[in-house]
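protein32.cif, holding mmCIF, C-alpha atoms:
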data_data
#
loop_
_atom_site.label_atom_id
_atom_site.label_comp_id
_atom_site.auth_asym_id
_atom_site.auth_seq_id
_atom_site.Cartn_x
_atom_site.Cartn_y
_atom_site.Cartn_z
CA MET R 15 -251.88 -188.77 109.94
CA THR R 16 -250.04 -186.79 112.50
CA GLU R 17 -247.26 -185.88 110.02
CA ASN R 18 -249.78 -184.66 107.39
CA SER R 19 -251.51 -182.34 109.90
CA THR R 20 -248.17 -180.83 110.89
CA ASP R 21 -247.30 -180.06 107.23
CA SER R 22 -250.67 -178.44 106.58
CA THR R 23 -250.33 -176.06 109.58
CA SER R 24 -246.70 -175.05 108.97
CA ALA R 25 -247.10 -174.22 105.25
CA PRO R 26 -249.28 -171.09 105.73
CA GLY R 27 -246.87 -169.92 108.42
CA PHE R 28 -243.97 -170.02 105.98
CA ILE R 29 -246.06 -168.23 103.36
CA LEU R 30 -246.99 -165.48 105.83
CA LEU R 31 -243.38 -165.14 106.95
CA GLY R 32 -242.27 -164.96 103.31
CA LEU R 33 -244.89 -162.29 102.58
CA PHE R 34 -243.82 -160.32 105.62
CA LEU R 35 -240.17 -160.47 104.61
CA LEU R 36 -241.09 -159.47 101.04
CA CYS R 37 -243.07 -156.49 102.34
CA ALA R 38 -240.21 -155.53 104.67
CA LEU R 39 -237.77 -155.76 101.76
CA LEU R 40 -240.00 -153.57 99.57
CA VAL R 41 -240.45 -151.04 102.37
CA PHE R 42 -236.71 -151.02 102.98
CA MET R 43 -235.98 -150.53 99.27
CA PHE R 44 -238.52 -147.80 98.67
CA GLN R 45 -238.55 -146.07 102.03
CA ARG R 46 -238.03 -142.31 102.11
CA ASN R 47 -236.39 -140.29 104.79
CA HIS R 48 -238.80 -139.27 107.47
CA VAL R 49 -239.71 -135.62 107.22
CA PRO R 50 -241.35 -134.27 110.35
CA SER R 51 -244.46 -132.27 109.64
CA TYR R 52 -245.73 -129.48 111.84
CA GLN R 53 -249.13 -127.85 111.77
CA GLY R 54 -247.58 -124.42 111.68
CA LEU R 55 -247.25 -121.61 109.21
CA TYR R 56 -245.36 -121.18 106.00
CA PRO R 57 -242.91 -118.29 106.31
CA ALA R 58 -243.66 -115.09 104.43
CA MET R 59 -240.99 -113.13 102.60
CA GLN R 60 -240.60 -109.40 102.80
CA PRO R 61 -240.39 -107.80 99.36
CA PRO R 62 -236.79 -106.67 98.83
CA ILE R 63 -236.02 -103.02 99.45
CA GLU R 64 -234.87 -101.06 96.42
CA GLY R 65 -232.31 -98.28 96.61
CA ARG R 66 -231.96 -95.21 94.40
CA PHE R 67 -228.36 -94.01 94.27
CA GLU R 68 -227.38 -90.37 93.79
CA PHE R 69 -223.65 -89.90 93.29
CA GLY R 70 -222.41 -86.55 94.54
CA PRO R 71 -218.88 -85.15 94.63
CA ASP R 72 -218.36 -85.91 98.34
CA GLN R 73 -221.01 -88.44 99.17
CA VAL R 74 -223.39 -91.03 97.78
CA LEU R 75 -226.98 -90.66 98.87
CA VAL R 76 -229.15 -93.78 98.79
CA THR R 77 -232.92 -93.40 99.03
CA LEU R 78 -234.71 -96.60 100.02
CA SER R 79 -238.14 -97.74 98.90
CA ALA R 80 -239.05 -98.80 102.44
CA GLU R 81 -237.79 -98.56 105.99
CA PRO R 82 -235.85 -101.68 107.02
CA GLU R 83 -237.00 -103.32 110.22
CA TRP R 84 -233.48 -103.40 111.67
CA LYS R 85 -233.00 -99.63 110.92
CA ARG R 86 -229.78 -100.64 109.19
CA ILE R 87 -229.07 -101.92 105.73
CA VAL R 88 -226.24 -103.47 103.77
CA ILE R 89 -224.96 -101.48 100.80
CA PHE R 90 -222.92 -103.63 98.45
CA ALA R 91 -220.68 -103.11 95.46
CA TYR R 92 -218.89 -105.74 93.39
CA GLY R 93 -215.16 -105.61 92.90
CA GLU R 94 -213.15 -106.49 89.79
CA ASP R 95 -212.65 -110.10 90.86
CA GLY R 96 -216.36 -110.65 91.48
CA THR R 97 -216.21 -110.31 95.26
CA GLN R 98 -218.98 -108.42 96.97
CA PHE R 99 -217.89 -105.62 99.33
CA GLY R 100 -220.49 -104.69 101.91
CA ILE R 101 -221.02 -101.96 104.47
CA ILE R 102 -223.68 -101.86 107.19
CA LYS R 103 -225.14 -98.35 107.39
CA PRO R 104 -227.82 -96.78 109.58
CA VAL R 105 -231.01 -95.62 107.89
CA TYR R 106 -232.51 -92.26 108.79
CA ASP R 107 -235.81 -91.32 107.09
CA ARG R 108 -235.26 -93.96 104.40
CA THR R 109 -231.95 -92.44 103.39
CA VAL R 110 -228.39 -93.66 103.73
CA ASN R 111 -225.40 -91.40 103.39
CA ILE R 112 -222.10 -92.92 102.25
CA MET R 113 -219.24 -90.57 102.91
CA LYS R 114 -215.54 -90.45 102.38
CA GLY R 115 -213.88 -92.50 105.10
CA ASP R 116 -216.57 -95.18 105.21
CA PHE R 117 -214.67 -98.43 104.97
CA PRO R 118 -216.29 -101.71 103.94
CA ASP R 119 -217.26 -104.03 106.79
CA PHE R 120 -217.04 -107.37 105.01
CA ARG R 121 -216.18 -109.06 101.74
CA VAL R 122 -218.11 -112.01 100.30
CA ARG R 123 -216.27 -114.37 97.96
CA ILE R 124 -218.53 -115.60 95.17
CA LYS R 125 -217.69 -118.50 92.88
CA ASN R 126 -219.94 -119.68 90.02
CA GLY R 127 -222.87 -117.64 91.29
CA GLN R 128 -222.69 -119.18 94.76
CA VAL R 129 -221.30 -117.80 98.01
CA ASP R 130 -217.88 -119.32 98.65
CA GLY R 131 -216.94 -117.59 101.92
CA PHE R 132 -216.50 -114.23 103.57
CA ASP R 133 -214.05 -112.06 105.47
CA ILE R 134 -214.83 -109.52 108.16
CA LEU R 135 -212.78 -106.51 107.14
CA LYS R 136 -213.34 -104.21 110.05
CA GLY R 137 -213.58 -106.15 113.25
CA ALA R 138 -212.65 -104.96 116.69
CA ASN R 139 -209.07 -104.51 115.52
CA ASN R 140 -209.85 -101.72 113.03
CA SER R 141 -207.87 -103.35 110.26
CA ALA R 142 -210.07 -102.34 107.35
CA GLU R 143 -208.30 -99.23 106.22
CA GLY R 144 -206.28 -101.23 103.71
CA GLN R 145 -209.46 -102.27 101.92
CA GLY R 146 -210.12 -98.81 100.54
CA ASP R 147 -212.91 -96.33 100.78
CA PHE R 148 -216.34 -97.88 100.16
CA ARG R 149 -217.43 -94.81 98.18
CA ASN R 150 -214.65 -95.57 95.70
CA HIS R 151 -215.82 -99.19 95.47
CA LEU R 152 -219.29 -97.88 94.56
CA LEU R 153 -217.96 -95.40 92.02
CA ARG R 154 -215.75 -98.00 90.35
CA ALA R 155 -218.65 -100.50 90.23
CA LYS R 156 -220.84 -97.87 88.61
CA GLU R 157 -218.22 -96.86 86.04
CA SER R 158 -217.40 -100.47 85.16
CA GLY R 159 -221.02 -101.61 84.97
CA ARG R 160 -220.70 -103.99 87.88
CA HIS R 161 -223.51 -104.66 90.32
CA TYR R 162 -224.15 -102.43 93.32
CA GLY R 163 -227.22 -102.00 95.46
CA VAL R 164 -228.86 -102.64 98.81
CA GLN R 165 -229.82 -105.81 100.64
CA GLU R 166 -231.15 -106.64 104.07
CA CYS R 167 -229.90 -110.20 104.42
CA LEU R 168 -226.61 -110.57 106.28
CA TYR R 169 -225.80 -113.94 104.71
CA PRO R 170 -223.16 -115.44 104.82
CA ILE R 171 -222.20 -113.67 108.08
CA CYS R 172 -225.59 -114.59 109.54
CA THR R 173 -226.72 -118.17 108.92
CA ARG R 174 -229.22 -118.50 111.73
CA CYS R 175 -232.16 -119.53 109.54
CA LEU R 176 -230.03 -122.21 107.88
CA ASP R 177 -228.66 -123.40 111.22
CA ILE R 178 -232.07 -123.74 112.86
CA CYS R 179 -234.02 -125.28 109.97
CA PRO R 180 -234.65 -128.96 110.88
CA VAL R 181 -234.65 -130.10 107.25
CA ILE R 182 -231.97 -127.83 105.80
CA SER R 183 -230.16 -130.86 104.42
CA GLN R 184 -232.98 -131.15 101.88
CA GLY R 185 -232.32 -127.66 100.55
CA VAL R 186 -235.37 -125.94 102.01
CA ILE R 187 -233.64 -122.56 102.32
CA LEU R 188 -231.27 -121.51 99.57
CA MET R 189 -229.17 -118.37 99.42
CA PRO R 190 -228.56 -117.71 95.75
CA VAL R 191 -226.89 -114.61 94.37
CA ALA R 192 -229.62 -112.86 92.38
CA GLU R 193 -229.15 -111.37 88.92
CA ASP R 194 -228.86 -107.89 90.39
CA GLY R 195 -226.06 -109.07 92.70
CA ARG R 196 -227.94 -109.16 95.95
CA ILE R 197 -228.14 -112.23 98.16
CA TYR R 198 -231.70 -113.05 99.12
CA PRO R 199 -233.18 -116.23 100.67
CA VAL R 200 -235.38 -118.55 98.63
CA ILE R 201 -237.56 -121.06 100.47
CA ASN R 202 -238.70 -124.32 98.96
CA LEU R 203 -242.29 -124.46 100.19
CA SER R 204 -242.86 -128.04 99.07
CA LYS R 205 -240.31 -129.26 101.60
CA CYS R 206 -240.95 -126.71 104.35
CA PRO R 207 -242.17 -128.42 107.53
CA ARG R 208 -243.83 -125.20 108.74
CA CYS R 209 -242.06 -125.25 112.08
CA GLY R 210 -241.73 -121.46 112.13
CA LYS R 211 -238.18 -121.48 113.44
CA CYS R 212 -236.72 -119.52 110.52
CA PHE R 213 -238.86 -116.45 111.01
CA GLU R 214 -238.30 -116.58 114.76
CA VAL R 215 -234.56 -116.10 114.31
CA CYS R 216 -234.51 -113.75 111.29
CA LYS R 217 -233.76 -110.44 112.99
CA PRO R 218 -233.54 -108.30 109.83
CA GLY R 219 -237.13 -109.47 109.26
CA ILE R 220 -236.76 -110.79 105.71
CA ILE R 221 -238.28 -114.15 106.56
CA ARG R 222 -241.25 -113.28 108.70
CA ASN R 223 -244.33 -114.66 110.40
CA PRO R 224 -247.25 -114.34 107.94
CA ASN R 225 -249.58 -113.41 110.80
CA ASP R 226 -247.33 -110.63 112.08
CA SER R 227 -249.00 -107.34 111.27
CA THR R 228 -246.27 -105.10 112.64
CA SER R 229 -244.53 -104.81 109.26
CA THR R 230 -244.07 -101.30 107.95
CA ARG R 231 -244.02 -102.54 104.35
CA PRO R 232 -247.11 -102.47 102.14
CA GLN R 233 -247.47 -106.26 102.00
CA SER R 234 -245.50 -109.39 102.60
CA SER R 235 -245.41 -111.88 99.79
CA PRO R 236 -245.55 -115.62 100.30
CA ALA R 237 -242.21 -117.37 100.17
CA ARG R 238 -241.09 -118.25 96.69
CA GLY R 239 -241.56 -121.92 95.98
CA TYR R 240 -240.17 -124.02 93.20
CA MET H 4 -192.78 -115.89 165.22
CA LYS H 5 -194.17 -118.97 163.49
CA LYS H 6 -197.67 -118.15 164.76
CA VAL H 7 -197.43 -114.69 163.22
CA PHE H 8 -196.61 -116.14 159.79
CA VAL H 9 -199.48 -118.58 160.09
CA ARG H 10 -201.85 -115.71 160.89
CA ILE H 11 -200.56 -113.62 157.98
CA ASN H 12 -200.96 -116.58 155.65
CA THR H 13 -204.48 -117.19 156.89
CA VAL H 14 -205.46 -113.55 156.38
CA PHE H 15 -204.10 -113.55 152.81
CA TYR H 16 -205.79 -116.85 151.97
CA VAL H 17 -209.11 -115.42 153.17
CA LEU H 18 -208.56 -112.27 151.10
CA ILE H 19 -207.73 -114.30 147.98
CA ILE H 20 -210.79 -116.51 148.44
CA CYS H 21 -212.97 -113.39 148.87
CA PHE H 22 -211.42 -111.83 145.75
CA LEU H 23 -212.01 -114.96 143.68
CA GLY H 24 -215.48 -115.36 145.13
CA VAL H 25 -216.74 -111.97 143.93
CA PRO H 26 -217.13 -112.94 140.23
CA VAL H 27 -218.65 -116.25 141.28
CA ILE H 28 -221.33 -114.42 143.25
CA THR H 29 -221.95 -111.75 140.59
CA CYS H 30 -222.22 -114.24 137.73
CA LEU H 31 -224.69 -116.27 139.78
CA GLN H 32 -226.67 -113.08 140.41
CA SER H 33 -226.80 -112.28 136.68
CA GLY H 34 -227.87 -115.83 135.91
CA TYR H 35 -224.93 -116.69 133.67
CA PRO H 36 -222.52 -118.83 135.75
CA TRP H 37 -221.05 -120.32 132.55
CA THR H 38 -219.38 -116.97 131.83
CA LEU H 39 -216.63 -118.04 134.25
CA THR H 40 -215.53 -120.67 131.73
CA CYS H 41 -214.62 -118.07 129.07
CA TYR H 42 -210.86 -117.96 128.81
CA ASN H 43 -210.69 -114.86 126.60
CA CYS H 44 -209.22 -116.52 123.52
CA VAL H 45 -210.41 -113.45 121.53
CA LEU H 46 -211.54 -115.54 118.54
CA CYS H 47 -215.00 -113.95 118.81
CA ARG H 48 -213.58 -110.43 118.66
CA GLN H 49 -212.78 -110.63 114.96
CA ALA H 50 -216.17 -112.10 114.06
CA CYS H 51 -218.51 -109.15 114.51
CA PRO H 52 -219.17 -107.03 111.41
CA LEU H 53 -220.09 -104.17 113.74
CA GLY H 54 -216.86 -104.49 115.69
CA ILE H 55 -218.62 -105.30 118.96
CA ASP H 56 -216.45 -107.21 121.40
CA PRO H 57 -218.56 -110.23 122.45
CA HIS H 58 -216.17 -110.86 125.34
CA GLY H 59 -217.47 -107.56 126.74
CA PHE H 60 -220.95 -109.06 127.04
CA ILE H 61 -219.46 -112.01 128.88
CA MET H 62 -217.59 -109.68 131.24
CA ALA H 63 -220.76 -107.67 131.80
CA ALA H 64 -222.64 -110.84 132.70
CA MET H 65 -219.77 -112.05 134.88
CA THR H 66 -219.74 -108.80 136.84
CA ASN H 67 -223.54 -108.43 136.70
CA ASP H 68 -223.10 -104.94 135.29
CA PRO H 69 -225.05 -104.17 132.09
CA GLU H 70 -223.56 -100.66 132.15
CA LEU H 71 -220.01 -101.94 131.71
CA TYR H 72 -218.27 -100.17 128.81
CA ILE H 73 -217.25 -102.58 126.11
CA GLY H 74 -215.44 -102.25 122.80
CA ALA H 75 -217.75 -101.46 119.87
CA SER H 76 -215.45 -100.13 117.22
CA ASN H 77 -217.66 -100.09 114.15
CA ILE H 78 -221.22 -99.01 114.94
CA ARG H 79 -222.21 -96.02 112.85
CA LEU H 80 -224.71 -93.60 114.30
CA ARG H 81 -225.39 -89.88 114.59
CA VAL H 82 -223.81 -87.86 117.39
CA GLY H 83 -227.25 -86.77 118.62
CA GLU H 84 -228.42 -90.37 118.80
CA ALA H 85 -225.28 -91.34 120.72
CA PHE H 86 -225.77 -88.45 123.17
CA ASP H 87 -229.43 -89.33 123.76
CA LEU H 88 -228.46 -92.94 124.43
CA ASP H 89 -225.47 -92.25 126.66
CA PRO H 90 -223.57 -88.94 126.86
CA GLN H 91 -220.44 -90.83 127.98
CA MET H 92 -220.38 -93.08 124.90
CA GLU H 93 -216.96 -92.88 123.25
CA LEU H 94 -216.92 -91.88 119.60
CA LYS H 95 -214.18 -91.68 117.01
CA ILE H 96 -214.06 -88.18 115.62
CA GLY H 97 -211.18 -86.64 113.72
CA GLY H 98 -208.73 -89.42 114.46
CA GLY H 99 -209.29 -89.26 118.21
CA GLU H 100 -211.73 -90.64 120.72
CA ILE H 101 -214.15 -88.34 122.50
CA THR H 102 -217.37 -88.76 124.45
CA ALA H 103 -220.68 -87.79 122.84
CA ALA H 104 -221.20 -85.01 125.41
CA LYS H 105 -217.79 -83.46 124.66
CA ALA H 106 -218.36 -83.80 120.92
CA LEU H 107 -221.49 -81.68 121.19
CA GLU H 108 -219.66 -79.20 123.45
CA HIS H 109 -217.01 -78.84 120.76
CA GLY H 110 -219.66 -77.95 118.20
CA VAL H 111 -219.98 -81.22 116.30
CA ALA H 112 -223.40 -81.28 114.64
CA ARG H 113 -225.96 -83.67 116.10
CA SER H 114 -226.70 -84.99 112.62
CA LYS H 115 -223.06 -85.91 111.90
CA GLU H 116 -222.62 -89.63 111.41
CA VAL H 117 -219.71 -91.05 113.37
CA VAL H 118 -218.26 -94.42 114.40
CA THR H 119 -218.34 -95.60 117.99
CA SER H 120 -215.37 -96.74 120.03
CA LYS H 121 -216.81 -97.84 123.38
CA MET H 122 -220.33 -98.10 124.67
CA ARG H 123 -222.29 -99.70 127.48
CA ALA H 124 -223.05 -103.39 127.07
CA LYS H 125 -226.80 -102.77 127.19
CA ASP H 126 -226.52 -100.17 124.41
CA ALA H 127 -224.31 -102.38 122.25
CA ALA H 128 -226.89 -105.16 122.57
CA LYS H 129 -229.49 -102.88 120.98
CA TYR H 130 -227.36 -102.54 117.83
CA CYS H 131 -226.31 -106.20 117.66
CA PRO H 132 -227.89 -107.90 114.62
CA LEU H 133 -227.84 -111.26 116.45
CA CYS H 134 -226.15 -112.85 113.45
CA GLY H 135 -224.48 -115.39 115.74
CA ASN H 136 -221.12 -115.23 114.00
CA CYS H 137 -219.36 -114.70 117.36
CA ALA H 138 -221.06 -117.73 118.92
CA LYS H 139 -220.01 -119.86 115.95
CA LYS H 140 -216.38 -118.88 116.44
CA CYS H 141 -216.34 -119.79 120.17
CA PRO H 142 -214.25 -122.95 120.63
CA ILE H 143 -216.24 -123.99 123.71
CA LYS H 144 -219.61 -122.99 122.21
CA LEU H 145 -220.61 -120.46 124.85
CA PRO H 146 -224.13 -119.14 124.12
CA VAL H 147 -223.20 -115.46 123.95
CA LEU H 148 -226.41 -114.65 122.07
CA LYS H 149 -228.46 -115.47 125.17
CA ILE H 150 -226.82 -112.59 127.05
CA ILE H 151 -227.34 -110.20 124.13
CA GLU H 152 -230.99 -111.18 123.66
CA ASP H 153 -231.49 -110.75 127.39
CA LEU H 154 -229.96 -107.26 127.38
CA LYS H 155 -231.84 -106.28 124.21
CA ASP H 156 -235.20 -106.59 125.94
CA ASP H 157 -234.87 -104.23 128.88
CA GLY H 158 -231.15 -103.63 129.39
CA LYS H 159 -231.05 -105.92 132.42
CA PHE H 160 -229.92 -109.43 133.13
CA ASN H 161 -232.89 -111.66 133.68
CA GLY H 162 -231.00 -114.92 133.26
#
Could you rewrite the structure in this file as structure tokens?
Amino acid sequence: MTENSTDSTSAPGFILLGLFLLCALLVFMFQRNHVPSYQGLYPAMQPPIEGRFEFGPDQVLVTLSAEPEWKRIVIFAYGEDGTQFGIIKPVYDRTVNIMKGDFPDFRVRIKNGQVDGFDILKGANNSAEGQGDFRNHLLRAKESGRHYGVQECLYPICTRCLDICPVISQGVILMPVAEDGRIYPVINLSKCPRCGKCFEVCKPGIIRNPNDSTSTRPQSSPARGY
Amino acid sequence: MKKVFVRINTVFYVLIICFLGVPVITCLQSGYPWTLTCYNCVLCRQACPLGIDPHGFIMAAMTNDPELYIGASNIRLRVGEAFDLDPQMELKIGGGEITAAKALEHGVARSKEVVTSKMRAKDAAKYCPLCGNCAKKCPIKLPVLKIIEDLKDDGKFNG
């Protein structure tokens, strides 16, 4: 009698333990990485600035569609081997003047449509003179039908948004090379945790706080999702 | 005779301690005591696309002097803008280096765009894009951007 009662009480215990282990196994098999969620804001993207180039005999005048927040802008031109040469120029009244003697500041190596690395050409050691006049880079790009234009983003020199994003390993912020040759951030909204860190650190103001009304541009567009 | 040498030694030790103590006091005043750990490896110098010497910011914080002139070899701006900011800012014009005040005295147009050579740390901070490339290059991960962000606000150390 005593033995029978012991069997009847231990059987449900084993069943419950088995169910628990089965559930734990299923959870372990189908678990997903924890993504922290924040009740914040999705970042807004500034519409890219367009540049109209006028090639003169001594200078190249670039008229911008809007005033950049940083008061400086990157002018780029692609070389024969597909590298992007860039120069950081000040903007006065939406115009940029590229003169003879303006040497490129950096060179971005691009492989298969993705950024592969970069070199600072004119650091504190003034060693850029060997890289040629940037005006000639622009002229050659124009004559050969290669891309040239303006961009605000300093990637890959600046990677602060990528460095600070808590879920960057899931590809939330991508830096593709666009069809027109410029490098511009793309944010995957479906994975964005809305922590707001990216627009806090973006000093050129491309990724910005959607509630910030200090923008001089007509309107900020929501970040591109995919 | 021995006592004289002991006294001379003591005086020199005190002088050396005072000399070494000055940067300790000034960096504590600026709020950046970690600047003493920078050993000037110059890796950060080649990292700035605007040619700003990040070690200059560290020296400025170490000496608690935001007006310290630091290397900024690649910032493009107009002569008039440079003069309004600091007449003693060094500019590269015609293969030489000249202050903004002297450039205007010599008849260089205010609207002429030039490249800087040296400027005050607090002025250089205004032009810094805060890209963080210098901080990434630092082998001991000194937070140089904190100094620059501090100077950007009001040109003073509030560390």
d(atom CA of Asn126 of chain R, atom CA of Gly100 of chain R) in Å: 19.1 Å
Matched chain/residue IDs from the PyMOL selection byres ((chain H) within 6 of (chain R)), as number ranges by chain: H: 48-49, 51-52, 54, 76, 134
Within 12 Å of Ile150 of chain H using only C-alpha atoms, minus same-chain residues under 2 positions, as JSON, numbers by chain: {"H": [30, 33, 34, 35, 36, 37, 38, 57, 58, 59, 60, 61, 62, 63, 64, 65, 67, 68, 69, 124, 125, 127, 128, 129, 131, 133, 135, 138, 145, 146, 147, 148, 152, 153, 154, 155, 156, 157, 158, 159, 160, 161, 162]}
Ground truth for the PyMOL selection byres ((chain H and resi 91-96) around 12), written as number ranges by chain: R: 115, 140; H: 70-90, 97-107, 109-112, 115-127
Spatial neighbours of segment 182-193 of chain R, 9 Å, all atoms listed in the file, chain gap at least 3 places, as a PyMOL selection string: chain R and resi 124+127-129+161+169-170+175-179+196-206
Between atom CA of Val27 of chain H and atom CA of Val9 of chain H, distance in Å (one decimal): 27.0 Å
Point-to-point distance from atom CA of Gln73 of chain R to atom CA of Asp147 of chain R, Å rounded to tenths: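 Separation of atom CA of Gln73 of chain R and atom CA of Asp147 of chain R: 11.4 Å.
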